[in-house]
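Shown next: protein_26.cif, given as mmCIF, C-alpha atoms and all ligand atoms.
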```cif
data_protein
#
loop_
_atom_site.label_atom_id
_atom_site.label_comp_id
_atom_site.auth_asym_id
_atom_site.auth_seq_id
_atom_site.Cartn_x
_atom_site.Cartn_y
_atom_site.Cartn_z
CA MET A 1 -6.34 -22.66 8.52
CA PRO A 2 -2.74 -21.60 7.75
CA ARG A 3 -0.23 -22.64 10.35
CA PRO A 4 2.20 -20.19 11.95
CA THR A 5 5.53 -20.33 10.17
CA ALA A 6 8.13 -22.50 11.86
CA MET A 7 10.72 -20.25 13.42
CA THR A 8 13.13 -19.89 16.29
CA CYS A 9 11.76 -17.80 19.12
CA PRO A 10 13.57 -14.48 19.62
CA THR A 11 13.83 -12.83 23.01
CA CYS A 12 11.26 -10.16 23.87
CA ARG A 13 12.77 -6.69 23.55
CA THR A 14 10.33 -5.19 26.01
CA CYS A 15 10.94 -7.33 29.10
CA ARG A 16 14.08 -9.17 27.88
CA GLN A 17 12.91 -12.24 29.79
CA GLY A 18 10.29 -14.03 27.74
CA SER A 19 10.60 -15.44 24.26
CA LEU A 20 8.35 -14.49 21.39
CA LYS A 21 6.06 -17.32 20.28
CA PRO A 22 4.30 -17.19 16.93
CA ILE A 23 0.57 -16.48 17.12
CA GLU A 24 -2.08 -15.56 14.61
CA ARG A 25 -3.88 -12.22 14.79
CA VAL A 26 -7.10 -11.65 12.89
CA GLU A 27 -7.71 -8.29 11.25
CA THR A 28 -11.22 -7.50 10.00
CA PHE A 29 -11.86 -5.31 6.97
CA HIS A 30 -15.15 -3.86 5.79
CA PRO A 31 -15.20 -3.38 2.02
CA PRO A 32 -18.48 -1.83 0.87
CA GLY A 33 -21.36 -4.05 -0.13
CA VAL A 34 -19.91 -7.39 0.97
CA PRO A 35 -19.62 -9.22 4.31
CA PRO A 36 -16.62 -8.32 6.50
CA VAL A 37 -13.34 -9.87 5.38
CA GLU A 38 -11.15 -11.48 8.01
CA VAL A 39 -7.42 -11.78 7.38
CA ALA A 40 -5.28 -13.98 9.62
CA LEU A 41 -1.90 -12.32 10.13
CA LEU A 42 1.32 -13.60 11.61
CA ALA A 43 2.41 -12.06 14.88
CA ALA A 44 4.29 -13.05 18.02
CA ARG A 45 3.49 -12.86 21.70
CA CYS A 46 5.93 -12.74 24.58
CA SER A 47 5.68 -15.76 26.86
CA HIS A 48 6.55 -13.57 29.86
CA CYS A 49 4.94 -10.10 29.52
CA GLY A 50 2.34 -10.98 26.90
CA LYS A 51 3.25 -8.14 24.54
CA GLU A 52 2.18 -8.78 20.98
CA THR A 53 4.31 -7.66 18.08
CA ASP A 54 4.82 -8.19 14.36
CA LEU A 55 8.28 -9.52 13.66
CA ALA A 56 10.28 -8.11 10.76
CA SER A 57 10.41 -11.64 9.33
CA GLN A 58 6.60 -11.70 9.25
CA LEU A 59 6.08 -8.41 7.40
CA GLU A 60 6.43 -9.75 3.88
CA GLU A 61 3.97 -12.59 4.47
CA ASN A 62 1.52 -10.23 6.19
CA LEU A 63 1.72 -7.81 3.26
CA ARG A 64 0.89 -10.70 0.96
CA ARG A 65 -2.02 -11.83 3.12
CA ARG A 66 -3.44 -8.32 3.35
CA ALA A 67 -3.10 -7.84 -0.42
CA ALA A 68 -4.92 -11.14 -1.03
CA ARG A 69 -8.14 -9.66 0.37
CA LYS A 70 -8.31 -7.56 -2.81
CA VAL A 71 -10.53 -10.23 -4.41
CA HIS A 72 -13.36 -9.06 -2.13
CA TYR A 73 -13.06 -5.39 -3.05
CA GLY A 74 -14.34 -5.26 -6.62
CA LEU A 75 -13.35 -1.88 -8.05
CA HIS A 76 -12.67 -0.42 -4.61
CA LEU A 77 -9.10 0.38 -3.69
CA LEU A 78 -7.35 -1.01 -0.62
CA GLY A 79 -6.34 1.60 1.93
CA GLU A 80 -2.70 0.68 1.42
CA GLU A 81 -2.96 1.12 -2.35
CA ILE A 82 -4.14 4.69 -1.85
CA LEU A 83 -1.43 5.25 0.76
CA ALA A 84 1.30 3.88 -1.54
CA PHE A 85 0.09 6.01 -4.44
CA ARG A 86 0.05 9.20 -2.37
CA ARG A 87 3.47 8.53 -0.82
CA TYR A 88 4.97 7.62 -4.16
CA TRP A 89 4.44 11.21 -5.30
CA GLY A 90 5.36 12.73 -1.93
CA LEU A 91 1.92 14.19 -1.31
CA THR A 92 0.44 14.88 2.11
CA GLN A 93 -3.03 13.53 2.86
CA GLN A 94 -4.39 17.07 2.75
CA ALA A 95 -2.77 17.80 -0.62
CA ALA A 96 -4.09 14.55 -2.11
CA SER A 97 -7.57 15.30 -0.79
CA ARG A 98 -7.54 18.72 -2.43
CA ILE A 99 -6.20 17.35 -5.72
CA PHE A 100 -9.18 15.00 -5.93
CA GLY A 101 -11.64 17.64 -4.77
CA LYS A 102 -12.45 16.04 -1.42
CA GLY A 103 -12.59 17.35 2.16
CA ILE A 104 -9.18 17.59 3.83
CA ILE A 105 -9.54 14.45 5.95
CA ALA A 106 -10.75 12.33 3.04
CA PHE A 107 -7.44 10.59 2.30
CA SER A 108 -6.83 9.91 5.96
CA ARG A 109 -10.15 8.07 6.03
CA TYR A 110 -9.56 6.26 2.74
CA GLU A 111 -6.13 5.00 3.82
CA SER A 112 -7.43 3.61 7.09
CA GLU A 113 -10.56 2.33 5.31
CA LYS A 114 -12.77 4.27 7.70
CA SER A 115 -14.54 5.24 4.52
CA PHE A 116 -14.17 4.47 0.84
CA PRO A 117 -14.07 6.96 -2.02
CA ASP A 118 -17.32 7.18 -3.96
CA GLU A 119 -17.44 5.55 -7.36
CA SER A 120 -16.47 8.57 -9.45
CA THR A 121 -13.58 9.42 -7.11
CA THR A 122 -12.42 5.81 -7.16
CA LYS A 123 -12.38 5.86 -10.94
CA LEU A 124 -10.48 9.15 -10.97
CA ILE A 125 -7.86 7.89 -8.50
CA ARG A 126 -7.41 4.66 -10.43
CA ALA A 127 -6.99 6.63 -13.66
CA ALA A 128 -4.39 8.86 -11.98
CA MET A 129 -2.55 5.76 -10.76
CA ARG A 130 -2.26 4.53 -14.33
CA HIS A 131 -1.57 7.95 -15.89
CA PRO A 132 0.73 10.17 -13.83
CA GLN A 133 0.09 13.08 -16.22
CA LEU A 134 -3.53 13.12 -15.08
CA LEU A 135 -2.42 13.46 -11.47
CA LYS A 136 -0.17 16.35 -12.47
CA GLU A 137 -2.97 18.13 -14.33
CA LEU A 138 -5.38 17.76 -11.39
CA ALA A 139 -2.67 19.01 -9.03
CA ASP A 140 -1.90 22.00 -11.27
CA GLU A 141 -5.59 22.86 -11.42
CA SER A 142 -5.72 22.89 -7.63
CA GLY A 143 -2.50 24.90 -7.36
CA ILE A 144 -0.76 22.02 -5.58
CA GLU A 145 2.80 20.95 -6.13
CA VAL A 146 3.59 17.27 -6.58
CA PRO A 147 6.82 17.14 -4.53
CA LEU A 148 8.40 14.09 -6.17
CA TRP A 149 7.13 14.70 -9.71
CA GLU A 150 10.47 15.22 -11.45
CA GLU A 151 12.31 12.77 -9.24
CA ARG A 152 9.89 9.95 -10.03
CA LEU A 153 9.86 10.63 -13.75
CA LEU A 154 13.65 10.56 -13.82
CA ARG A 155 14.10 7.63 -11.44
CA PRO A 156 11.00 5.54 -10.88
CA VAL A 157 11.35 3.33 -7.83
CA ALA A 158 9.59 0.19 -6.80
CA ALA A 159 6.12 0.74 -5.47
CA GLN A 160 6.03 0.64 -1.71
CA SER A 161 2.95 -0.62 -0.04
CA SER A 162 3.62 -0.36 3.63
CA PRO A 163 0.96 -1.66 5.93
CA ILE A 164 -0.88 1.12 7.70
CA ASP A 165 -0.46 -0.04 11.26
CA VAL A 166 3.07 -1.40 11.20
CA GLN A 167 5.71 1.16 12.08
CA GLN A 168 8.81 -0.68 13.10
CA SER A 169 10.48 -1.04 9.73
CA PRO A 170 10.07 0.50 6.29
CA ALA A 171 8.57 -1.61 3.56
CA PRO A 172 11.13 -3.49 1.50
CA ARG A 173 12.47 -1.35 -1.32
CA SER A 174 13.77 -4.03 -3.60
CA ARG A 175 10.65 -4.96 -5.50
CA ALA A 176 11.16 -5.98 -9.08
CA ALA A 177 8.55 -3.78 -10.74
CA LEU A 178 9.32 -0.19 -11.56
CA GLY A 179 6.86 2.63 -11.76
CA PRO A 180 4.15 4.33 -9.76
CA PRO A 181 1.85 2.21 -7.63
CA ALA A 182 -1.00 1.07 -9.80
CA PRO A 183 -4.16 -0.62 -8.57
CA ILE A 184 -3.43 -4.23 -7.69
CA THR A 185 -4.94 -6.35 -10.42
CA GLN A 186 -4.09 -9.90 -11.10
CA GLY A 187 -1.73 -10.38 -14.01
CA THR A 188 -1.10 -6.67 -14.51
CA ALA A 189 2.49 -5.56 -14.22
CA LEU A 190 3.14 -2.07 -12.92
CA LYS A 191 3.61 0.33 -15.79
CA ARG A 192 6.17 3.03 -16.11
CA PRO A 193 5.17 6.50 -17.26
CA LYS A 194 4.91 6.60 -21.02
CA ALA A 195 7.72 9.08 -21.48
CA LEU A 196 10.15 6.62 -19.94
CA ARG A 197 9.26 3.57 -21.94
CA ARG A 198 11.77 2.77 -24.57
CA GLU A 199 10.43 2.82 -28.08
CA ALA A 200 11.25 -0.22 -30.12
CA ALA A 201 13.71 0.80 -32.76
CA PRO A 202 12.44 0.26 -36.27
CA ALA A 203 14.21 -2.48 -38.13
CA VAL A 204 16.82 -1.14 -40.49
CA ARG A 205 17.72 -2.96 -43.65
ZN ZN B 301 8.18 -9.69 27.16
#
```
Could the structure of this file be written out as structure tokens, please?
Amino acid sequence: MPRPTAMTCPTCRTCRQGSLKPIERVETFHPPGVPPVEVALLAARCSHCGKETDLASQLEENLRRRAARKVHYGLHLLGEEILAFRRYWGLTQQAASRIFGKGIIAFSRYESEKSFPDESTTKLIRAAMRHPQLLKELADESGIEVPLWEERLLRPVAAQSSPIDVQQSPAPRSRAALGPPAPITQGTALKRPKALRREAAPAVR
């Protein structure tokens, strides 16, 4: 059982009387075909009004804890992986759903893990995560613009995986890896689009 991180207790912003004490909040996920996965997350509760909140200082650790559940998902994608991929290219949920040939609420359901893409769709999304050109071709076929296409090819930014239910602050931008969000796999660095990789110069004698 992980212990809450040692910290000073900030004052509650809601009632301005109590102090926020660290607590642990359990979130339950339901990946297909396996028992429910419980993730213990850091949070804080006001000693006066009882309001529960995620502190900014807890976001990074909570992201890590949520990502760690990936081991239970097999080939399935986490909701936040799908969300990060879609946002990376500036697509709306409806646009992404159409690109992958699904009903318009499909991506909304995938990102909140209310449902999971079927196997062929999962494979297609994962392939598009690794190969941006595939995403572009599917989008072109559906007559859908990828809003950040040129911008991302010119200036790839760190993948953002913001938790779905945390709104108070944007996900940290200063991640080391460059390139579009790829499926989280252990030991696999995020790859940049091929066009942007520097070719090794041939040795000249
Ligand atoms: Zn309070």
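With all atoms listed in the file counted, the chains near ligand ZN 301 (chain B) contribute these residues within 10 Å: Thr11, Cys12, Arg13, Thr14, Cys15, Arg16, Gln17, Gly18, Ser19, Leu20, Arg45, Cys46, Ser47, His48, Cys49, Gly50, Lys51 and Glu52 of chain A.
Pairwise distance (CA of Glu151 in chain A, CA of Leu59 in chain A) equals 27.6 Å.
Restricting the calculation to all atoms listed in the file, the smallest distance between Pro22 in chain A and any of A:Val37, A:Cys9, A:Ala44, A:Ala158 is found for A:Ala44.
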A straight line from CA of Leu78 in chain A to CA of Phe29 in chain A spans 9.8 Å
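With only C-alpha atoms as the atoms that count, the residue of A:Val26, A:Leu148, A:Ile125, A:Ala43 with the shortest distance to Glu81 in chain A is A:Ile125.
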A straight line from CA of Glu137 in chain A to CA of Lys70 in chain A spans 28.7 Å
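Minimum atom-to-atom distances from A:Ser120, A:Ala68, A:Met129, A:Thr53 to Ile82 in chain A were compared using all atoms listed in the file, and the lowest value belongs to A:Met129.
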Shortest contact to Ala127 in chain A, candidates A:Leu77, A:Arg152, A:Pro147, A:Arg109, atoms counted all atoms listed in the file, goes to A:Leu77
### Query
Can you tell me, as an MDAnalysis selection string, what residues are no more than 12 Å from range 85-91 of chain A when counting only C-alpha atoms, ignoring any on the same chain fewer than 2 positions away?
chainID A and resid 77:83 93:100 107:108 110:111 125:133 135:136 139 144:153 155:162 178:184
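When only C-alpha atoms are used to measure the gap to Pro10 in chain A, the shortest distance among A:Val39, A:Val71, A:Ala106, A:Ala56 belongs to A:Ala56.
When all atoms listed in the file are used to measure the gap to Arg69 in chain A, the shortest distance among A:Lys102, A:Ser57, A:Leu42, A:Glu27 belongs to A:Glu27.
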Expected file content for range 49-94 of chain A, C-alpha atoms, as a short mmCIF file (atom, residue, chain, number, x, y, z; two decimals), in the first residue's frame:
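What follows is the written file out.cif:
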```
data_model
loop_
_atom_site.label_atom_id
_atom_site.label_comp_id
_atom_site.auth_asym_id
_atom_site.auth_seq_id
_atom_site.Cartn_x
_atom_site.Cartn_y
_atom_site.Cartn_z
CA CYS A 49 -15.53 21.55 4.51
CA GLY A 50 -14.55 18.08 3.36
CA LYS A 51 -14.02 19.05 -0.27
CA GLU A 52 -11.77 16.65 -2.14
CA THR A 53 -9.35 17.88 -4.74
CA ASP A 54 -6.28 16.85 -6.70
CA LEU A 55 -3.37 19.14 -5.95
CA ALA A 56 -1.16 20.35 -8.78
CA SER A 57 1.78 18.72 -6.99
CA GLN A 58 -0.02 15.36 -7.21
CA LEU A 59 -0.79 15.44 -10.94
CA GLU A 60 2.51 14.04 -12.16
CA GLU A 61 2.42 11.11 -9.74
CA ASN A 62 -1.23 10.41 -10.57
CA LEU A 63 -0.44 10.42 -14.29
CA ARG A 64 2.28 7.88 -13.61
CA ARG A 65 -0.02 5.70 -11.51
CA ARG A 66 -2.77 5.79 -14.12
CA ALA A 67 -0.29 4.94 -16.90
CA ALA A 68 1.01 1.99 -14.86
CA ARG A 69 -2.34 0.20 -15.27
CA LYS A 70 -1.38 -0.31 -18.92
CA VAL A 71 0.05 -3.73 -18.03
CA HIS A 72 -3.53 -4.99 -17.61
CA TYR A 73 -4.73 -3.74 -20.99
CA GLY A 74 -3.01 -6.05 -23.46
CA LEU A 75 -3.36 -4.50 -26.90
CA HIS A 76 -6.16 -2.19 -25.77
CA LEU A 77 -5.45 1.51 -25.60
CA LEU A 78 -5.93 3.60 -22.47
CA GLY A 79 -8.58 6.29 -22.77
CA GLU A 80 -5.95 8.95 -22.20
CA GLU A 81 -3.74 7.57 -24.98
CA ILE A 82 -6.59 7.98 -27.45
CA LEU A 83 -7.33 11.44 -26.05
CA ALA A 84 -3.67 12.52 -26.33
CA PHE A 85 -3.43 11.22 -29.89
CA ARG A 86 -6.58 13.03 -31.00
CA ARG A 87 -5.60 16.31 -29.31
CA TYR A 88 -2.09 16.13 -30.68
CA TRP A 89 -3.51 16.54 -34.18
CA GLY A 90 -6.17 19.05 -33.13
CA LEU A 91 -9.08 16.80 -34.03
CA THR A 92 -12.51 16.94 -32.44
CA GLN A 93 -14.01 13.72 -31.11
CA GLN A 94 -16.51 13.75 -33.96
#
```
